[in-house]
>>> print(open('upload-v4.tsv').read())   # TSV, C-alpha atoms
chain	number	residue	atom	x	y	z
A	17	MET	CA	0.00	0.00	0.00
A	18	ASN	CA	1.18	3.53	-0.79
A	19	VAL	CA	0.33	6.32	1.64
A	20	PRO	CA	1.38	9.81	0.51
A	21	PHE	CA	2.08	12.49	3.07
A	22	ASN	CA	-0.64	14.56	1.46
A	23	ASP	CA	-3.01	13.89	-1.44
A	24	LEU	CA	-4.30	17.16	-2.87
A	25	LYS	CA	-5.79	15.47	-5.92
A	26	ILE	CA	-8.63	13.98	-3.83
A	27	GLN	CA	-9.62	17.45	-2.67
A	28	TYR	CA	-9.37	18.80	-6.20
A	29	GLU	CA	-11.55	16.04	-7.68
A	30	ALA	CA	-14.20	16.55	-4.99
A	31	LEU	CA	-14.48	20.30	-5.66
A	32	LYS	CA	-13.64	20.39	-9.38
A	33	ALA	CA	-17.17	21.42	-10.32
A	34	GLU	CA	-16.86	24.45	-8.01
A	35	PHE	CA	-13.31	25.41	-8.92
A	36	ARG	CA	-13.92	25.67	-12.64
A	37	PRO	CA	-16.64	28.36	-12.65
A	38	ALA	CA	-14.73	30.34	-10.00
A	39	ILE	CA	-11.57	30.31	-12.12
A	40	GLU	CA	-13.57	31.04	-15.28
A	41	ARG	CA	-14.96	34.17	-13.61
A	42	VAL	CA	-11.39	35.39	-13.25
A	43	LEU	CA	-10.49	34.50	-16.83
A	44	GLU	CA	-13.62	36.16	-18.20
A	45	SER	CA	-13.05	39.31	-16.16
A	46	GLN	CA	-9.35	39.43	-17.11
A	47	HIS	CA	-8.80	40.88	-13.63
A	48	TYR	CA	-5.92	38.59	-12.68
A	49	ILE	CA	-4.45	40.40	-9.67
A	50	LEU	CA	-6.52	41.38	-6.60
A	51	GLY	CA	-10.04	42.29	-7.78
A	52	PRO	CA	-13.48	41.03	-6.72
A	53	GLU	CA	-12.50	37.40	-6.06
A	54	VAL	CA	-9.76	38.46	-3.65
A	55	ASP	CA	-12.05	41.06	-2.06
A	56	ALA	CA	-14.73	38.44	-1.44
A	57	PHE	CA	-12.26	35.99	0.05
A	58	GLU	CA	-10.75	38.65	2.31
A	59	LYS	CA	-14.17	39.48	3.76
A	60	ALA	CA	-15.06	35.82	4.23
A	61	PHE	CA	-11.73	34.91	5.84
A	62	ALA	CA	-11.82	37.90	8.20
A	63	ALA	CA	-15.29	36.82	9.34
A	64	TYR	CA	-14.08	33.23	9.77
A	65	CYS	CA	-11.25	34.41	12.04
A	66	GLY	CA	-13.55	36.73	13.97
A	67	ALA	CA	-11.64	39.81	12.84
A	68	ARG	CA	-12.60	43.00	11.03
A	69	TYR	CA	-10.06	42.83	8.21
A	70	ALA	CA	-8.04	40.36	6.17
A	71	VAL	CA	-5.59	41.49	3.51
A	72	GLY	CA	-4.57	38.92	0.89
A	73	VAL	CA	-0.93	38.78	-0.19
A	74	ASN	CA	1.20	36.51	-2.35
A	75	SER	CA	2.71	34.29	0.36
A	76	GLY	CA	2.77	33.63	4.07
A	77	THR	CA	6.31	34.97	4.21
A	78	MET	CA	5.23	38.25	2.64
A	79	ALA	CA	2.36	38.44	5.15
A	80	LEU	CA	4.85	38.20	8.02
A	81	GLN	CA	7.16	40.87	6.66
A	82	LEU	CA	4.44	43.35	5.71
A	83	ALA	CA	2.73	42.97	9.08
A	84	LEU	CA	5.96	43.74	10.92
A	85	LEU	CA	6.52	46.82	8.78
A	86	ALA	CA	2.93	47.97	9.30
A	87	LEU	CA	3.49	47.65	13.04
A	88	GLY	CA	6.43	50.02	12.74
A	89	VAL	CA	9.25	47.54	13.39
A	90	GLN	CA	12.61	49.16	12.65
A	91	PRO	CA	16.32	48.31	12.67
A	92	GLY	CA	17.52	47.90	16.23
A	93	ASP	CA	14.22	46.52	17.51
A	94	GLU	CA	14.04	43.06	19.07
A	95	ILE	CA	11.20	40.60	18.45
A	96	ILE	CA	10.79	37.56	20.68
A	97	THR	CA	9.78	34.37	18.91
A	98	ALA	CA	10.30	30.60	18.84
A	99	ALA	CA	13.08	28.87	16.94
A	100	GLN	CA	10.90	25.79	16.45
A	101	THR	CA	9.21	27.01	13.28
A	102	PHE	CA	9.83	27.46	9.58
A	103	ILE	CA	12.64	29.91	8.80
A	104	ALA	CA	10.17	32.48	7.43
A	105	THR	CA	9.24	33.70	10.92
A	106	ALA	CA	12.80	34.71	11.77
A	107	GLU	CA	13.55	35.71	8.18
A	108	ALA	CA	10.79	38.32	8.18
A	109	ILE	CA	12.11	39.84	11.41
A	110	SER	CA	15.62	40.03	9.99
A	111	TRP	CA	14.56	41.56	6.67
A	112	CYS	CA	12.94	44.38	8.64
A	113	GLY	CA	16.34	45.07	10.17
A	114	ALA	CA	15.18	43.86	13.59
A	115	THR	CA	16.74	41.11	15.69
A	116	PRO	CA	14.96	37.82	16.42
A	117	VAL	CA	15.27	36.79	20.05
A	118	PHE	CA	14.69	33.05	20.26
A	119	VAL	CA	13.21	31.32	23.28
A	120	ASP	CA	12.47	27.65	23.76
A	121	VAL	CA	9.14	25.90	23.32
A	122	GLU	CA	7.08	23.93	25.82
A	123	ASP	CA	7.71	20.20	25.83
A	124	LYS	CA	3.98	19.43	25.70
A	125	THR	CA	2.55	21.70	23.00
A	126	TYR	CA	5.81	22.65	21.21
A	127	THR	CA	4.64	26.27	21.18
A	128	ILE	CA	6.60	29.16	22.67
A	129	ASN	CA	7.13	28.85	26.42
A	130	PRO	CA	5.56	31.90	28.16
A	131	ALA	CA	7.69	31.31	31.27
A	132	LEU	CA	10.79	32.12	29.19
A	133	ILE	CA	9.43	35.15	27.33
A	134	GLU	CA	9.61	37.70	30.11
A	135	LYS	CA	13.23	36.78	30.85
A	136	ALA	CA	14.07	37.62	27.22
A	137	VAL	CA	12.55	41.12	27.29
A	138	THR	CA	15.00	44.03	27.07
A	139	SER	CA	14.68	47.76	26.50
A	140	LYS	CA	14.83	47.05	22.74
A	141	THR	CA	11.96	44.55	22.69
A	142	ARG	CA	8.99	45.67	20.56
A	143	GLY	CA	6.84	42.58	20.28
A	144	ILE	CA	6.22	38.86	20.61
A	145	ILE	CA	5.48	36.47	17.75
A	146	PRO	CA	4.01	33.21	19.06
A	147	VAL	CA	3.87	30.45	16.44
A	148	HIS	CA	0.81	28.19	16.52
A	149	LEU	CA	2.91	25.17	15.63
A	150	TYR	CA	1.62	22.00	13.93
A	151	GLY	CA	-1.94	23.38	14.20
A	152	HIS	CA	-1.87	23.85	18.00
A	153	ALA	CA	-2.44	27.31	19.49
A	154	ALA	CA	0.13	28.91	21.76
A	155	ASN	CA	-0.87	29.96	25.28
A	156	MET	CA	-2.31	33.31	24.26
A	157	GLU	CA	-3.63	34.21	27.73
A	158	ALA	CA	-0.17	34.08	29.28
A	159	ILE	CA	1.47	35.75	26.29
A	160	GLN	CA	-1.03	38.62	26.22
A	161	ALA	CA	-0.57	39.19	29.95
A	162	ILE	CA	3.20	39.61	29.46
A	163	ALA	CA	2.63	41.89	26.47
A	164	ARG	CA	0.25	44.15	28.42
A	165	LYS	CA	2.64	44.36	31.35
A	166	ARG	CA	5.62	45.18	29.14
A	167	LYS	CA	3.71	47.28	26.57
A	168	LEU	CA	4.61	45.00	23.65
A	169	PHE	CA	2.59	44.05	20.60
A	170	VAL	CA	1.53	40.44	20.00
A	171	PHE	CA	1.62	39.13	16.45
A	172	GLU	CA	0.32	35.60	15.80
A	173	ASP	CA	2.10	33.41	13.27
A	174	ALA	CA	-0.90	31.23	12.39
A	175	ALA	CA	0.53	29.84	9.14
A	176	GLN	CA	-0.17	26.26	10.29
A	177	ALA	CA	-3.31	26.83	12.33
A	178	HIS	CA	-6.30	27.84	10.21
A	179	GLY	CA	-9.31	27.30	12.47
A	180	ALA	CA	-7.40	26.24	15.60
A	181	ARG	CA	-8.93	27.43	18.87
A	182	PHE	CA	-7.65	28.73	22.17
A	183	GLN	CA	-10.24	28.86	24.97
A	184	GLY	CA	-12.98	28.42	22.37
A	185	LYS	CA	-11.85	31.31	20.15
A	186	ARG	CA	-10.25	30.82	16.76
A	187	VAL	CA	-6.66	31.97	16.39
A	188	GLY	CA	-6.21	35.09	14.32
A	189	GLY	CA	-8.01	37.44	16.67
A	190	PHE	CA	-5.67	37.53	19.67
A	191	GLY	CA	-2.92	39.85	18.47
A	192	ALA	CA	-2.50	43.22	16.83
A	193	THR	CA	-2.05	41.19	13.66
A	194	SER	CA	-1.94	37.55	12.67
A	195	CYS	CA	-0.54	35.96	9.54
A	196	PHE	CA	-1.64	32.92	7.58
A	197	SER	CA	-0.06	30.96	4.76
A	198	PHE	CA	-2.11	29.34	2.00
A	199	TYR	CA	0.71	27.14	0.72
A	200	PRO	CA	-0.97	24.15	-0.99
A	201	GLY	CA	-0.35	21.68	1.84
A	202	LYS	CA	-1.85	23.88	4.57
A	203	ASN	CA	-5.25	23.17	6.13
A	204	LEU	CA	-6.53	25.86	3.76
A	205	GLY	CA	-4.32	25.83	0.69
A	206	ALA	CA	-4.28	27.69	-2.62
A	207	PHE	CA	-3.27	26.42	-6.07
A	208	GLY	CA	0.17	27.91	-5.46
A	209	GLU	CA	1.47	30.52	-3.04
A	210	GLY	CA	-0.74	32.82	-1.01
A	211	GLY	CA	-1.06	34.45	2.39
A	212	ALA	CA	-3.09	36.90	4.44
A	213	VAL	CA	-2.73	39.34	7.30
A	214	VAL	CA	-5.71	39.49	9.68
A	215	THR	CA	-6.31	42.41	12.03
A	216	ASP	CA	-8.98	44.45	13.82
A	217	ASP	CA	-7.00	47.65	13.26
A	218	GLU	CA	-8.16	49.63	10.22
A	219	LYS	CA	-4.91	51.62	10.07
A	220	ILE	CA	-2.79	48.44	9.99
A	221	ALA	CA	-4.99	46.93	7.29
A	222	LEU	CA	-4.61	50.08	5.19
A	223	GLU	CA	-0.83	50.11	5.62
A	224	ILE	CA	-0.58	46.47	4.49
A	225	LYS	CA	-2.72	47.23	1.43
A	226	LYS	CA	-0.26	49.99	0.58
A	227	LEU	CA	2.81	47.87	1.26
A	228	ARG	CA	1.58	44.98	-0.92
A	229	ASN	CA	0.94	47.37	-3.84
A	230	HIS	CA	4.22	49.28	-4.22
A	231	GLY	CA	3.34	51.64	-1.40
A	232	GLY	CA	-0.06	52.93	-2.50
A	233	ILE	CA	-3.69	51.93	-2.88
A	234	VAL	CA	-4.09	53.67	-6.23
A	235	ARG	CA	-1.75	52.86	-9.13
A	236	TYR	CA	1.22	55.24	-9.37
A	237	THR	CA	0.41	56.76	-5.99
A	238	HIS	CA	3.39	55.70	-3.86
A	239	GLU	CA	2.90	56.91	-0.30
A	240	ARG	CA	5.70	54.78	1.12
A	241	LEU	CA	8.30	52.29	-0.04
A	242	GLY	CA	6.45	49.07	-0.78
A	243	PHE	CA	6.58	45.68	-2.49
A	244	ASN	CA	4.83	43.64	-5.12
A	245	GLY	CA	2.99	41.46	-2.64
A	246	ARG	CA	-0.48	41.24	-4.15
A	247	MET	CA	-2.61	38.10	-4.16
A	248	GLU	CA	-3.49	36.70	-7.57
A	249	ALA	CA	-7.19	36.63	-8.39
A	250	ILE	CA	-7.20	32.90	-9.19
A	251	GLN	CA	-5.84	32.15	-5.70
A	252	GLY	CA	-8.57	34.29	-4.15
A	253	ALA	CA	-11.18	32.40	-6.19
A	254	VAL	CA	-9.79	28.98	-5.21
A	255	LEU	CA	-9.57	29.90	-1.53
A	256	GLY	CA	-13.12	31.25	-1.65
A	257	VAL	CA	-14.33	27.86	-2.87
A	258	LYS	CA	-12.37	25.96	-0.23
A	259	LEU	CA	-13.09	28.08	2.86
A	260	PRO	CA	-16.62	26.70	3.54
A	261	TYR	CA	-15.12	23.19	3.78
A	262	LEU	CA	-12.30	24.08	6.18
A	263	ASP	CA	-14.10	23.18	9.41
A	264	GLN	CA	-15.02	19.73	8.09
A	265	TRP	CA	-11.47	19.12	6.91
A	266	ASN	CA	-10.18	20.14	10.33
A	267	LYS	CA	-12.71	17.81	11.95
A	268	ASN	CA	-11.37	14.99	9.78
A	269	ARG	CA	-7.79	15.80	10.76
A	270	ARG	CA	-8.73	15.70	14.43
A	271	ALA	CA	-10.48	12.35	13.97
A	272	ASN	CA	-7.38	10.96	12.25
A	273	ALA	CA	-5.17	12.25	15.05
A	274	HIS	CA	-7.38	10.69	17.72
A	275	LEU	CA	-7.26	7.33	15.95
A	276	TYR	CA	-3.48	7.54	15.83
A	277	HIS	CA	-3.53	8.32	19.57
A	278	GLU	CA	-5.55	5.16	20.16
A	279	LEU	CA	-3.49	2.89	17.92
A	280	LEU	CA	-0.02	4.16	18.92
A	281	ASN	CA	-0.61	4.56	22.64
A	282	GLY	CA	1.76	2.51	24.78
A	283	LEU	CA	4.58	2.35	22.26
A	284	ASP	CA	8.06	3.74	22.89
A	285	LEU	CA	6.98	6.94	21.17
A	286	ILE	CA	6.04	10.45	22.31
A	287	LEU	CA	2.69	11.34	20.77
A	288	PRO	CA	1.32	14.86	20.18
A	289	ARG	CA	-0.44	16.28	23.22
A	290	GLU	CA	-3.22	18.83	23.26
A	291	ALA	CA	-3.62	21.43	26.01
A	292	SER	CA	-6.98	21.25	27.77
A	293	ASP	CA	-8.00	24.75	26.65
A	294	CYS	CA	-6.96	24.24	23.01
A	295	GLU	CA	-8.40	22.58	19.93
A	296	SER	CA	-5.64	21.64	17.52
A	297	VAL	CA	-6.32	21.34	13.80
A	298	TYR	CA	-3.34	18.99	13.28
A	299	ASN	CA	-1.64	20.58	10.33
A	300	SER	CA	0.99	17.99	11.26
A	301	TYR	CA	0.91	14.90	13.46
A	302	VAL	CA	4.43	14.80	14.87
A	303	VAL	CA	5.63	11.82	16.86
A	304	ARG	CA	9.00	11.65	18.59
A	305	THR	CA	11.50	8.82	18.82
A	306	GLN	CA	15.26	8.54	19.18
A	307	LYS	CA	15.05	6.14	16.21
A	308	ARG	CA	13.50	8.82	13.99
A	309	ASP	CA	15.71	8.42	10.91
A	310	ALA	CA	15.53	4.62	10.97
A	311	LEU	CA	11.74	4.76	11.41
A	312	GLN	CA	11.41	7.15	8.47
A	313	ALA	CA	13.48	4.84	6.25
A	314	PHE	CA	11.45	1.80	7.36
A	315	LEU	CA	8.15	3.54	6.59
A	316	GLU	CA	9.44	4.73	3.22
A	317	LYS	CA	10.21	1.15	2.23
A	318	ALA	CA	6.64	0.28	3.23
A	319	GLY	CA	5.29	2.95	0.86
A	320	ILE	CA	4.55	5.53	3.58
A	321	GLN	CA	5.69	9.10	3.06
A	322	THR	CA	6.64	11.14	6.15
A	323	MET	CA	8.19	14.55	6.75
A	324	ILE	CA	10.58	16.08	9.27
A	325	TYR	CA	9.49	19.45	10.76
A	326	TYR	CA	12.08	20.92	11.27
A	327	PRO	CA	15.57	19.40	11.02
A	328	VAL	CA	17.37	22.77	11.02
A	329	LYS	CA	18.13	24.50	14.31
A	330	ILE	CA	17.38	28.07	13.27
A	331	HIS	CA	19.11	29.69	16.23
A	332	LEU	CA	22.36	27.90	15.29
A	333	LEU	CA	22.40	28.88	11.61
A	334	ASP	CA	25.59	30.57	10.42
A	335	PHE	CA	23.89	33.91	9.75
A	336	TYR	CA	22.59	33.99	13.34
A	337	LYS	CA	25.92	33.11	14.97
A	338	HIS	CA	26.32	36.70	16.11
A	339	LEU	CA	23.29	36.28	18.38
A	340	GLY	CA	25.37	34.03	20.64
A	341	TYR	CA	23.25	30.88	20.83
A	342	ARG	CA	25.05	27.59	21.40
A	343	GLU	CA	24.13	23.92	21.31
A	344	GLY	CA	22.02	23.43	24.43
A	345	SER	CA	20.63	26.98	24.46
A	346	LEU	CA	17.13	25.76	23.52
A	347	PRO	CA	17.01	22.11	24.61
A	348	VAL	CA	13.39	21.27	23.71
A	349	THR	CA	13.72	22.86	20.27
A	350	GLU	CA	16.98	21.05	19.63
A	351	ALA	CA	15.54	17.71	20.72
A	352	LEU	CA	12.58	18.14	18.35
A	353	CYS	CA	14.92	18.86	15.46
A	354	GLY	CA	16.53	15.48	16.07
A	355	ASP	CA	13.63	13.21	16.93
A	356	GLY	CA	10.36	14.59	15.48
A	357	LEU	CA	8.64	12.83	12.56
A	358	ALA	CA	5.34	13.85	10.96
A	359	LEU	CA	2.99	11.07	9.88
A	360	PRO	CA	0.28	11.53	7.22
A	361	VAL	CA	-2.83	13.12	8.76
A	362	TYR	CA	-4.49	14.92	5.83
A	363	PRO	CA	-8.31	15.07	5.89
A	364	ASP	CA	-8.89	12.55	3.08
A	365	LEU	CA	-6.65	9.89	4.62
A	366	THR	CA	-8.73	6.70	4.87
A	367	GLU	CA	-9.01	4.62	8.01
A	368	THR	CA	-7.44	1.71	6.13
A	369	GLN	CA	-4.43	3.84	5.23
A	370	LEU	CA	-4.14	5.20	8.76
A	371	ARG	CA	-4.29	1.74	10.33
A	372	TYR	CA	-1.64	0.58	7.86
A	373	VAL	CA	0.66	3.45	8.92
A	374	ALA	CA	0.09	2.73	12.61
A	375	GLY	CA	0.67	-0.98	12.02
A	376	LYS	CA	4.00	-0.35	10.34
A	377	VAL	CA	5.10	1.97	13.17
A	378	LYS	CA	4.23	-0.85	15.61
A	379	ASP	CA	6.16	-3.35	13.51
A	380	PHE	CA	9.24	-1.14	13.64
A	381	LEU	CA	9.03	-0.48	17.36
A	382	GLY	CA	8.30	-4.12	18.14
>>> encode(input="upload-v4.tsv", output="structure tokens")
Amino acid sequence: MNVPFNDLKIQYEALKAEFRPAIERVLESQHYILGPEVDAFEKAFAAYCGARYAVGVNSGTMALQLALLALGVQPGDEIITAAQTFIATAEAISWCGATPVFVDVEDKTYTINPALIEKAVTSKTRGIIPVHLYGHAANMEAIQAIARKRKLFVFEDAAQAHGARFQGKRVGGFGATSCFSFYPGKNLGAFGEGGAVVTDDEKIALEIKKLRNHGGIVRYTHERLGFNGRMEAIQGAVLGVKLPYLDQWNKNRRANAHLYHELLNGLDLILPREASDCESVYNSYVVRTQKRDALQAFLEKAGIQTMIYYPVKIHLLDFYKHLGYREGSLPVTEALCGDGLALPVYPDLTETQLRYVAGKVKDFLG
């Protein structure tokens, strides 16, 4: 049996009849960048997140960078974040001229550890970027309390957490801004790259609209230095078709995760854990074992595709050497880089496939 890590074709076939007229509307209008399809998606996604505004851009990375600039981040500022994430989080901070300050993650949720945040605050600190990793929300109550006390902004990196909840509320509405990626493999994915910034602040939304469009809302009106960061109309159309199905897909992911919990419980394996006040959407189902590489090779031979998130220790990269981190600086993060393995958990995974994966993991672990 072959089990891919993700199978986007199933989703495409199921919604093909809806995709085609949506894309044809774009082709007929010849409005290929921004336009009514993007406008409609922005309104729908803002409402889904419980926010006033969503601004579509051309990638999750661009969303991160534009949001930081709209918040006024400047060279010399420090932004506290987690190193257990994709490089884009730190990259965006650095491209703004600011300095990422990395703190370790909790060993239960793998999200930023609030107990370590306050110790990292200095006179240069401007904000905190919690990453809702693997589809699990960070502890926003504790993070917001620190931010209020220290007069810092909170900026959610929700690239992996579309629809995840903290204390019953969907992520995306806890910070001054929040950023999402619509990379094809995400819980809500486009037919290519895409991203969005979500906010309740009208001024921030307006600044991001300027930044994504060469610094101005109207063509050839450049109010500030900007970028070409606009969302393509076809991506807005595709995302508009997919959004109404997101909650069901997340429900399927959760059901798959719970079946893995049941089948893999008791093995010499650390399984994902969910905080009592959170509802994860399992963008990834990451298990941990000291035999990670051997397990991955064994599963590959059995036709099962897995992924490693993330093998690179961001805080130890050569271009961050000047920050002074050493091996052992962030022990939980470093352990995850060496022993975490993501199993297939996509919403169209069948029970037969899932049981096959779990069975092969059991075979390997004896």
>>> closest_residue(input="upload-v4.tsv", among="A:Ile133, A:Ile128, A:Leu204, A:Ile145", to="Ala83 in chain A", atoms="all atoms listed in the file")
A:Ile145
>>> axis_aligned_box(input="upload-v4.tsv", around="range 185-190 of chain A", padding_each_side="3 Å", output="JSON")
{"center_x": -8.8, "center_y": 34.2, "center_z": 17.2, "size_x": 12.2, "size_y": 12.7, "size_z": 11.8}
>>> closest_residue(input="upload-v4.tsv", among="A:Lys225, A:Ala60, A:Ala192, A:Gln160", to="His238 in chain A", atoms="all atoms listed in the file")
A:Lys225
>>> closest_atom_pairs(input="upload-v4.tsv", of="range 71-182 of chain A", to="range 283-304 of chain A", cutoff="9 Å", atoms="all atoms listed in the file", output="tab-separated table")
residue	atom	partner	partner_atom	distance
A:Lys124	CA	A:Arg289	CA	6.0
A:Thr125	CA	A:Arg289	CA	6.2
A:Leu149	CA	A:Asn299	CA	8.4
A:Tyr150	CA	A:Ser300	CA	4.9
A:Gly151	CA	A:Tyr298	CA	4.7
A:His152	CA	A:Ser296	CA	4.4
A:Ala153	CA	A:Cys294	CA	6.5
A:Ala154	CA	A:Cys294	CA	8.6
A:Asn155	CA	A:Cys294	CA	8.7
A:Gln176	CA	A:Asn299	CA	5.9
A:Ala177	CA	A:Val297	CA	6.4
A:His178	CA	A:Val297	CA	7.4
A:Gly179	CA	A:Val297	CA	6.8
A:Ala180	CA	A:Ser296	CA	5.3
A:Arg181	CA	A:Glu295	CA	5.0
A:Phe182	CA	A:Cys294	CA	4.6
>>> closest_residue(input="upload-v4.tsv", among="A:Pro200, A:Gly72, A:Gly88, A:Gly354", to="Phe57 in chain A", atoms="all atoms listed in the file")
A:Gly72
>>> closest_atom_pairs(input="upload-v4.tsv", of="range 182-296 of chain A", to="range 368-382 of chain A", cutoff="7 Å", atoms="all atoms listed in the file", output="JSON lines")
{"residue": "A:Tyr276", "atom": "CA", "partner": "A:Ala374", "partner_atom": "CA", "distance": 6.8}
{"residue": "A:Leu279", "atom": "CA", "partner": "A:Ala374", "partner_atom": "CA", "distance": 6.4}
{"residue": "A:Leu280", "atom": "CA", "partner": "A:Ala374", "partner_atom": "CA", "distance": 6.5}
>>> closest_residue(input="upload-v4.tsv", among="A:Arg68, A:Arg166, A:His230, A:Lys317", to="Glu134 in chain A", atoms="all atoms listed in the file")
A:Arg166
>>> atom_distance(input="upload-v4.tsv", atom1="CA of Lys258 in chain A", atom2="CA of Phe61 in chain A")
10.8 Å
>>> closest_residue(input="upload-v4.tsv", among="A:Glu58, A:Glu278, A:Glu34, A:Asp93", to="Val257 in chain A", atoms="all atoms listed in the file")
A:Glu34
>>> atom_distance(input="upload-v4.tsv", atom1="CA of Gly344 in chain A", atom2="CA of Thr141 in chain A")
23.5 Å
>>> closest_residue(input="upload-v4.tsv", among="A:Ala163, A:Leu87, A:Cys195, A:Ala30", to="Ile220 in chain A", atoms="only C-alpha atoms")
A:Leu87
>>> atom_distance(input="upload-v4.tsv", atom1="CA of Lys337 in chain A", atom2="CA of Gln90 in chain A")
21.0 Å
>>> residues_around(input="upload-v4.tsv", residues="range 333-336 of chain A", least_positions_apart="4", cutoff="10 Å", atoms="only C-alpha atoms", output="PyMOL selection string")
chain A and resi 106+110+115-116+328-329+340-341
>>> residues_near_point(input="upload-v4.tsv", point="(19.9, 43.9, 20.7)", cutoff="10 Å", atoms="only C-alpha atoms", output="PDB file with C-alpha atoms, keeping the file's coordinate frame")
ATOM      1  CA  PRO A  91      16.320  48.310  12.670  1.00  0.00           C
ATOM      2  CA  GLY A  92      17.520  47.900  16.230  1.00  0.00           C
ATOM      3  CA  ASP A  93      14.220  46.520  17.510  1.00  0.00           C
ATOM      4  CA  GLU A  94      14.040  43.060  19.070  1.00  0.00           C
ATOM      5  CA  ILE A  95      11.200  40.600  18.450  1.00  0.00           C
ATOM      6  CA  ALA A 114      15.180  43.860  13.590  1.00  0.00           C
ATOM      7  CA  THR A 115      16.740  41.110  15.690  1.00  0.00           C
ATOM      8  CA  PRO A 116      14.960  37.820  16.420  1.00  0.00           C
ATOM      9  CA  VAL A 117      15.270  36.790  20.050  1.00  0.00           C
ATOM     10  CA  THR A 138      15.000  44.030  27.070  1.00  0.00           C
ATOM     11  CA  SER A 139      14.680  47.760  26.500  1.00  0.00           C
ATOM     12  CA  LYS A 140      14.830  47.050  22.740  1.00  0.00           C
ATOM     13  CA  THR A 141      11.960  44.550  22.690  1.00  0.00           C
ATOM     14  CA  LEU A 339      23.290  36.280  18.380  1.00  0.00           C
TER      15      LEU A 339
END
>>> residues_around(input="upload-v4.tsv", residues="range 39-49 of chain A", least_positions_apart="5", cutoff="9 Å", atoms="only C-alpha atoms", output="PyMOL selection string")
chain A and resi 34+54+246-251+253-254
>>> residues_around(input="upload-v4.tsv", residues="Arg240 in chain A", least_positions_apart="5", cutoff="10 Å", atoms="all atoms listed in the file", output="CSV table (one decimal) with C-alpha atoms, in the frame of the given file")
chain,number,residue,atom,x,y,z
A,223,GLU,CA,-0.8,50.1,5.6
A,226,LYS,CA,-0.3,50.0,0.6
A,227,LEU,CA,2.8,47.9,1.3
A,230,HIS,CA,4.2,49.3,-4.2
A,231,GLY,CA,3.3,51.6,-1.4
A,232,GLY,CA,-0.1,52.9,-2.5
>>> residues_around(input="upload-v4.tsv", residues="Ala67 in chain A", least_positions_apart="2", cutoff="7 Å", atoms="only C-alpha atoms", output="ChimeraX atom specification")
/A:62-63,65,69,189,214-216
>>> build_atoms(input="upload-v4.tsv", residues="range 328-341 of chain A", atoms="N, CA and C atoms", output="PDB file, in the coordinates of the input")
ATOM      1  N   VAL A 328      16.374  21.703  10.878  1.00  0.00           N
ATOM      2  CA  VAL A 328      17.370  22.770  11.020  1.00  0.00           C
ATOM      3  C   VAL A 328      17.153  23.539  12.313  1.00  0.00           C
ATOM      4  N   LYS A 329      18.192  23.698  13.086  1.00  0.00           N
ATOM      5  CA  LYS A 329      18.130  24.500  14.310  1.00  0.00           C
ATOM      6  C   LYS A 329      18.366  25.958  13.927  1.00  0.00           C
ATOM      7  N   ILE A 330      17.292  26.711  13.807  1.00  0.00           N
ATOM      8  CA  ILE A 330      17.380  28.070  13.270  1.00  0.00           C
ATOM      9  C   ILE A 330      18.333  28.942  14.070  1.00  0.00           C
ATOM     10  N   HIS A 331      18.283  28.819  15.393  1.00  0.00           N
ATOM     11  CA  HIS A 331      19.110  29.690  16.230  1.00  0.00           C
ATOM     12  C   HIS A 331      20.601  29.391  16.099  1.00  0.00           C
ATOM     13  N   LEU A 332      20.943  28.260  15.466  1.00  0.00           N
ATOM     14  CA  LEU A 332      22.360  27.900  15.290  1.00  0.00           C
ATOM     15  C   LEU A 332      22.831  28.063  13.843  1.00  0.00           C
ATOM     16  N   LEU A 333      21.991  28.635  12.987  1.00  0.00           N
ATOM     17  CA  LEU A 333      22.400  28.880  11.610  1.00  0.00           C
ATOM     18  C   LEU A 333      23.567  29.862  11.559  1.00  0.00           C
ATOM     19  N   ASP A 334      24.383  29.732  10.524  1.00  0.00           N
ATOM     20  CA  ASP A 334      25.590  30.570  10.420  1.00  0.00           C
ATOM     21  C   ASP A 334      25.252  32.057  10.475  1.00  0.00           C
ATOM     22  N   PHE A 335      24.167  32.467   9.786  1.00  0.00           N
ATOM     23  CA  PHE A 335      23.890  33.910   9.750  1.00  0.00           C
ATOM     24  C   PHE A 335      23.255  34.430  11.030  1.00  0.00           C
ATOM     25  N   TYR A 336      23.034  33.536  12.018  1.00  0.00           N
ATOM     26  CA  TYR A 336      22.590  33.990  13.340  1.00  0.00           C
ATOM     27  C   TYR A 336      23.644  33.725  14.424  1.00  0.00           C
ATOM     28  N   LYS A 337      24.848  33.387  13.998  1.00  0.00           N
ATOM     29  CA  LYS A 337      25.920  33.110  14.970  1.00  0.00           C
ATOM     30  C   LYS A 337      26.181  34.300  15.893  1.00  0.00           C
ATOM     31  N   HIS A 338      26.018  35.494  15.329  1.00  0.00           N
ATOM     32  CA  HIS A 338      26.320  36.700  16.110  1.00  0.00           C
ATOM     33  C   HIS A 338      25.352  36.886  17.285  1.00  0.00           C
ATOM     34  N   LEU A 339      24.253  36.152  17.279  1.00  0.00           N
ATOM     35  CA  LEU A 339      23.290  36.280  18.380  1.00  0.00           C
ATOM     36  C   LEU A 339      23.758  35.538  19.637  1.00  0.00           C
ATOM     37  N   GLY A 340      24.743  34.646  19.476  1.00  0.00           N
ATOM     38  CA  GLY A 340      25.370  34.030  20.640  1.00  0.00           C
ATOM     39  C   GLY A 340      24.746  32.746  21.155  1.00  0.00           C
ATOM     40  N   TYR A 341      23.832  32.144  20.391  1.00  0.00           N
ATOM     41  CA  TYR A 341      23.250  30.880  20.830  1.00  0.00           C
ATOM     42  C   TYR A 341      24.245  29.743  20.609  1.00  0.00           C
TER      43      TYR A 341
END
